[in-house]
Amino acid sequence: MATVTVTDAATRQIEALPLPIQGTVRRIVARLADWPAVSGAKPLRGDLVGHYRKRTGDYRVIFRASDNTRDATITVVRVAHRRDVYED
């Protein structure tokens, strides 16, 4: 089972979301412990190469994995609306 950590910035972003979305995002973060068997996770390109995204409606959870094994460390780095999540 993978170890999942959430950065301080991502924690603040989750807490700023509407309450129903917060619950959904927290469930997604918990499911990341099943890495690499997480369905719907897509690798990102460009400036975010090495990161993945998991989608829930109009919101995205951006994370990186230390490797593709069950002993990986997953770090959630950003959670935001799709129009804002890929901007610096």
# chains A, B, ... in the order shown; residues from 1 in each chain; ligands from 1
>>> select_by_dssp(residues="chain A", states="strand (DSSP E or B)", output="number ranges by chain")
A: 3-6, 42-43, 51-56, 59-65, 73-81
>>> write_last_selection(atoms="N, CA and C atoms", output="PDB file, in the first residue's frame")
ATOM      1  N   THR A   3       2.123   5.155   0.473  1.00  0.00           N
ATOM      2  CA  THR A   3       1.999   6.181   1.499  1.00  0.00           C
ATOM      3  C   THR A   3       1.556   7.472   0.833  1.00  0.00           C
ATOM      4  N   VAL A   4       0.501   8.084   1.329  1.00  0.00           N
ATOM      5  CA  VAL A   4      -0.044   9.305   0.736  1.00  0.00           C
ATOM      6  C   VAL A   4       0.194  10.471   1.683  1.00  0.00           C
ATOM      7  N   THR A   5       0.796  11.549   1.152  1.00  0.00           N
ATOM      8  CA  THR A   5       0.966  12.778   1.916  1.00  0.00           C
ATOM      9  C   THR A   5       0.334  13.922   1.140  1.00  0.00           C
ATOM     10  N   VAL A   6      -0.096  14.927   1.855  1.00  0.00           N
ATOM     11  CA  VAL A   6      -0.718  16.100   1.249  1.00  0.00           C
ATOM     12  C   VAL A   6       0.084  17.321   1.690  1.00  0.00           C
ATOM     13  N   LYS A  42      -4.203  10.187 -14.803  1.00  0.00           N
ATOM     14  CA  LYS A  42      -3.529  10.422 -16.078  1.00  0.00           C
ATOM     15  C   LYS A  42      -2.204  11.132 -15.854  1.00  0.00           C
ATOM     16  N   PRO A  43      -1.158  10.697 -16.556  1.00  0.00           N
ATOM     17  CA  PRO A  43       0.117  11.415 -16.450  1.00  0.00           C
ATOM     18  C   PRO A  43       0.012  12.765 -17.158  1.00  0.00           C
ATOM     19  N   HIS A  51       4.073  14.373 -12.931  1.00  0.00           N
ATOM     20  CA  HIS A  51       2.888  14.493 -12.089  1.00  0.00           C
ATOM     21  C   HIS A  51       1.728  13.763 -12.769  1.00  0.00           C
ATOM     22  N   TYR A  52       0.716  13.481 -11.980  1.00  0.00           N
ATOM     23  CA  TYR A  52      -0.515  12.852 -12.467  1.00  0.00           C
ATOM     24  C   TYR A  52      -1.686  13.705 -12.020  1.00  0.00           C
ATOM     25  N   ARG A  53      -2.823  13.464 -12.662  1.00  0.00           N
ATOM     26  CA  ARG A  53      -4.037  14.144 -12.216  1.00  0.00           C
ATOM     27  C   ARG A  53      -5.165  13.141 -12.113  1.00  0.00           C
ATOM     28  N   LYS A  54      -5.991  13.364 -11.121  1.00  0.00           N
ATOM     29  CA  LYS A  54      -7.216  12.600 -10.936  1.00  0.00           C
ATOM     30  C   LYS A  54      -8.349  13.604 -10.965  1.00  0.00           C
ATOM     31  N   ARG A  55      -9.368  13.319 -11.730  1.00  0.00           N
ATOM     32  CA  ARG A  55     -10.448  14.258 -11.966  1.00  0.00           C
ATOM     33  C   ARG A  55     -11.678  13.874 -11.147  1.00  0.00           C
ATOM     34  N   THR A  56     -12.368  14.889 -10.648  1.00  0.00           N
ATOM     35  CA  THR A  56     -13.681  14.709 -10.049  1.00  0.00           C
ATOM     36  C   THR A  56     -14.534  15.893 -10.478  1.00  0.00           C
ATOM     37  N   TYR A  59     -13.141  19.569 -10.832  1.00  0.00           N
ATOM     38  CA  TYR A  59     -11.972  19.742  -9.982  1.00  0.00           C
ATOM     39  C   TYR A  59     -10.918  18.689 -10.294  1.00  0.00           C
ATOM     40  N   ARG A  60      -9.656  19.063 -10.050  1.00  0.00           N
ATOM     41  CA  ARG A  60      -8.539  18.175 -10.329  1.00  0.00           C
ATOM     42  C   ARG A  60      -7.657  18.049  -9.094  1.00  0.00           C
ATOM     43  N   VAL A  61      -7.166  16.846  -8.864  1.00  0.00           N
ATOM     44  CA  VAL A  61      -6.198  16.569  -7.814  1.00  0.00           C
ATOM     45  C   VAL A  61      -4.889  16.261  -8.520  1.00  0.00           C
ATOM     46  N   ILE A  62      -3.879  17.095  -8.320  1.00  0.00           N
ATOM     47  CA  ILE A  62      -2.577  16.922  -8.958  1.00  0.00           C
ATOM     48  C   ILE A  62      -1.638  16.295  -7.927  1.00  0.00           C
ATOM     49  N   PHE A  63      -0.974  15.209  -8.328  1.00  0.00           N
ATOM     50  CA  PHE A  63      -0.072  14.520  -7.414  1.00  0.00           C
ATOM     51  C   PHE A  63       1.112  13.947  -8.166  1.00  0.00           C
ATOM     52  N   ARG A  64       2.131  13.566  -7.402  1.00  0.00           N
ATOM     53  CA  ARG A  64       3.273  12.883  -7.999  1.00  0.00           C
ATOM     54  C   ARG A  64       3.522  11.600  -7.209  1.00  0.00           C
ATOM     55  N   ALA A  65       4.045  10.617  -7.910  1.00  0.00           N
ATOM     56  CA  ALA A  65       4.347   9.322  -7.300  1.00  0.00           C
ATOM     57  C   ALA A  65       5.844   9.086  -7.376  1.00  0.00           C
ATOM     58  N   THR A  73       5.562   6.531  -2.653  1.00  0.00           N
ATOM     59  CA  THR A  73       5.089   7.653  -1.854  1.00  0.00           C
ATOM     60  C   THR A  73       4.338   8.583  -2.795  1.00  0.00           C
ATOM     61  N   ILE A  74       3.087   8.857  -2.496  1.00  0.00           N
ATOM     62  CA  ILE A  74       2.245   9.731  -3.295  1.00  0.00           C
ATOM     63  C   ILE A  74       2.156  11.069  -2.568  1.00  0.00           C
ATOM     64  N   THR A  75       2.439  12.154  -3.286  1.00  0.00           N
ATOM     65  CA  THR A  75       2.362  13.486  -2.693  1.00  0.00           C
ATOM     66  C   THR A  75       1.345  14.317  -3.466  1.00  0.00           C
ATOM     67  N   VAL A  76       0.270  14.713  -2.806  1.00  0.00           N
ATOM     68  CA  VAL A  76      -0.737  15.580  -3.414  1.00  0.00           C
ATOM     69  C   VAL A  76      -0.207  17.007  -3.314  1.00  0.00           C
ATOM     70  N   VAL A  77      -0.057  17.663  -4.481  1.00  0.00           N
ATOM     71  CA  VAL A  77       0.565  18.984  -4.484  1.00  0.00           C
ATOM     72  C   VAL A  77      -0.405  20.120  -4.790  1.00  0.00           C
ATOM     73  N   ARG A  78      -1.549  19.803  -5.398  1.00  0.00           N
ATOM     74  CA  ARG A  78      -2.478  20.880  -5.751  1.00  0.00           C
ATOM     75  C   ARG A  78      -3.884  20.317  -5.954  1.00  0.00           C
ATOM     76  N   VAL A  79      -4.884  21.081  -5.539  1.00  0.00           N
ATOM     77  CA  VAL A  79      -6.291  20.738  -5.748  1.00  0.00           C
ATOM     78  C   VAL A  79      -6.999  22.030  -6.117  1.00  0.00           C
ATOM     79  N   ALA A  80      -7.615  22.047  -7.301  1.00  0.00           N
ATOM     80  CA  ALA A  80      -8.278  23.278  -7.739  1.00  0.00           C
ATOM     81  C   ALA A  80      -9.253  22.982  -8.872  1.00  0.00           C
ATOM     82  N   HIS A  81     -10.015  24.001  -9.229  1.00  0.00           N
ATOM     83  CA  HIS A  81     -10.922  23.924 -10.364  1.00  0.00           C
ATOM     84  C   HIS A  81     -10.110  23.756 -11.637  1.00  0.00           C
TER      85      HIS A  81
END
>>> closest_residue(among="A:Gly40, A:Pro18, A:Gly50, A:Gly23", to="Asp67 of chain A", atoms="only C-alpha atoms")
A:Gly50
>>> atom_distance(atom1="atom CA of Ala16 of chain A", atom2="atom CA of Leu48 of chain A")
23.1 Å
>>> closest_residue(among="A:Ala2, A:Gly46, A:Arg70, A:Ala9", to="Val29 of chain A", atoms="only C-alpha atoms")
A:Ala2
>>> decode(residues="segment 40-60 of chain A", atoms="N, CA and C atoms", output="compact mmCIF listing (two decimals), in the first residue's frame")
# COMPACT_ATOMS: atom_id res chain seq x y z
N GLY A 40 -8.30 6.01 -13.61
CA GLY A 40 -8.57 7.38 -14.01
C GLY A 40 -7.43 8.36 -13.79
N ALA A 41 -6.31 7.92 -13.26
CA ALA A 41 -5.16 8.81 -13.06
C ALA A 41 -4.43 8.95 -14.39
N LYS A 42 -4.20 10.19 -14.80
CA LYS A 42 -3.53 10.42 -16.08
C LYS A 42 -2.20 11.13 -15.85
N PRO A 43 -1.16 10.70 -16.56
CA PRO A 43 0.12 11.41 -16.45
C PRO A 43 0.01 12.76 -17.16
N LEU A 44 0.69 13.76 -16.61
CA LEU A 44 0.66 15.10 -17.19
C LEU A 44 1.89 15.33 -18.04
N ARG A 45 1.83 16.33 -18.90
CA ARG A 45 2.93 16.63 -19.81
C ARG A 45 3.40 18.05 -19.58
N GLY A 46 4.38 18.45 -20.38
CA GLY A 46 4.89 19.82 -20.33
C GLY A 46 5.58 20.12 -19.02
N ASP A 47 5.25 21.27 -18.43
CA ASP A 47 5.88 21.69 -17.17
C ASP A 47 5.55 20.75 -16.01
N LEU A 48 4.48 19.99 -16.14
CA LEU A 48 4.06 19.10 -15.05
C LEU A 48 4.42 17.64 -15.30
N VAL A 49 5.37 17.40 -16.18
CA VAL A 49 5.79 16.02 -16.44
C VAL A 49 6.27 15.40 -15.12
N GLY A 50 5.92 14.16 -14.89
CA GLY A 50 6.23 13.50 -13.63
C GLY A 50 5.09 13.58 -12.62
N HIS A 51 4.07 14.37 -12.93
CA HIS A 51 2.89 14.49 -12.09
C HIS A 51 1.73 13.76 -12.77
N TYR A 52 0.72 13.48 -11.98
CA TYR A 52 -0.51 12.85 -12.47
C TYR A 52 -1.69 13.71 -12.02
N ARG A 53 -2.82 13.46 -12.66
CA ARG A 53 -4.04 14.14 -12.22
C ARG A 53 -5.16 13.14 -12.11
N LYS A 54 -5.99 13.36 -11.12
CA LYS A 54 -7.22 12.60 -10.94
C LYS A 54 -8.35 13.60 -10.97
N ARG A 55 -9.37 13.32 -11.73
CA ARG A 55 -10.45 14.26 -11.97
C ARG A 55 -11.68 13.87 -11.15
N THR A 56 -12.37 14.89 -10.65
CA THR A 56 -13.68 14.71 -10.05
C THR A 56 -14.53 15.89 -10.48
N GLY A 57 -15.39 15.67 -11.44
CA GLY A 57 -16.21 16.76 -11.97
C GLY A 57 -15.33 17.84 -12.56
N ASP A 58 -15.51 19.07 -12.10
CA ASP A 58 -14.71 20.19 -12.60
C ASP A 58 -13.44 20.43 -11.79
N TYR A 59 -13.14 19.57 -10.83
CA TYR A 59 -11.97 19.74 -9.98
C TYR A 59 -10.92 18.69 -10.29
N ARG A 60 -9.66 19.06 -10.05
CA ARG A 60 -8.54 18.17 -10.33
C ARG A 60 -7.66 18.05 -9.09
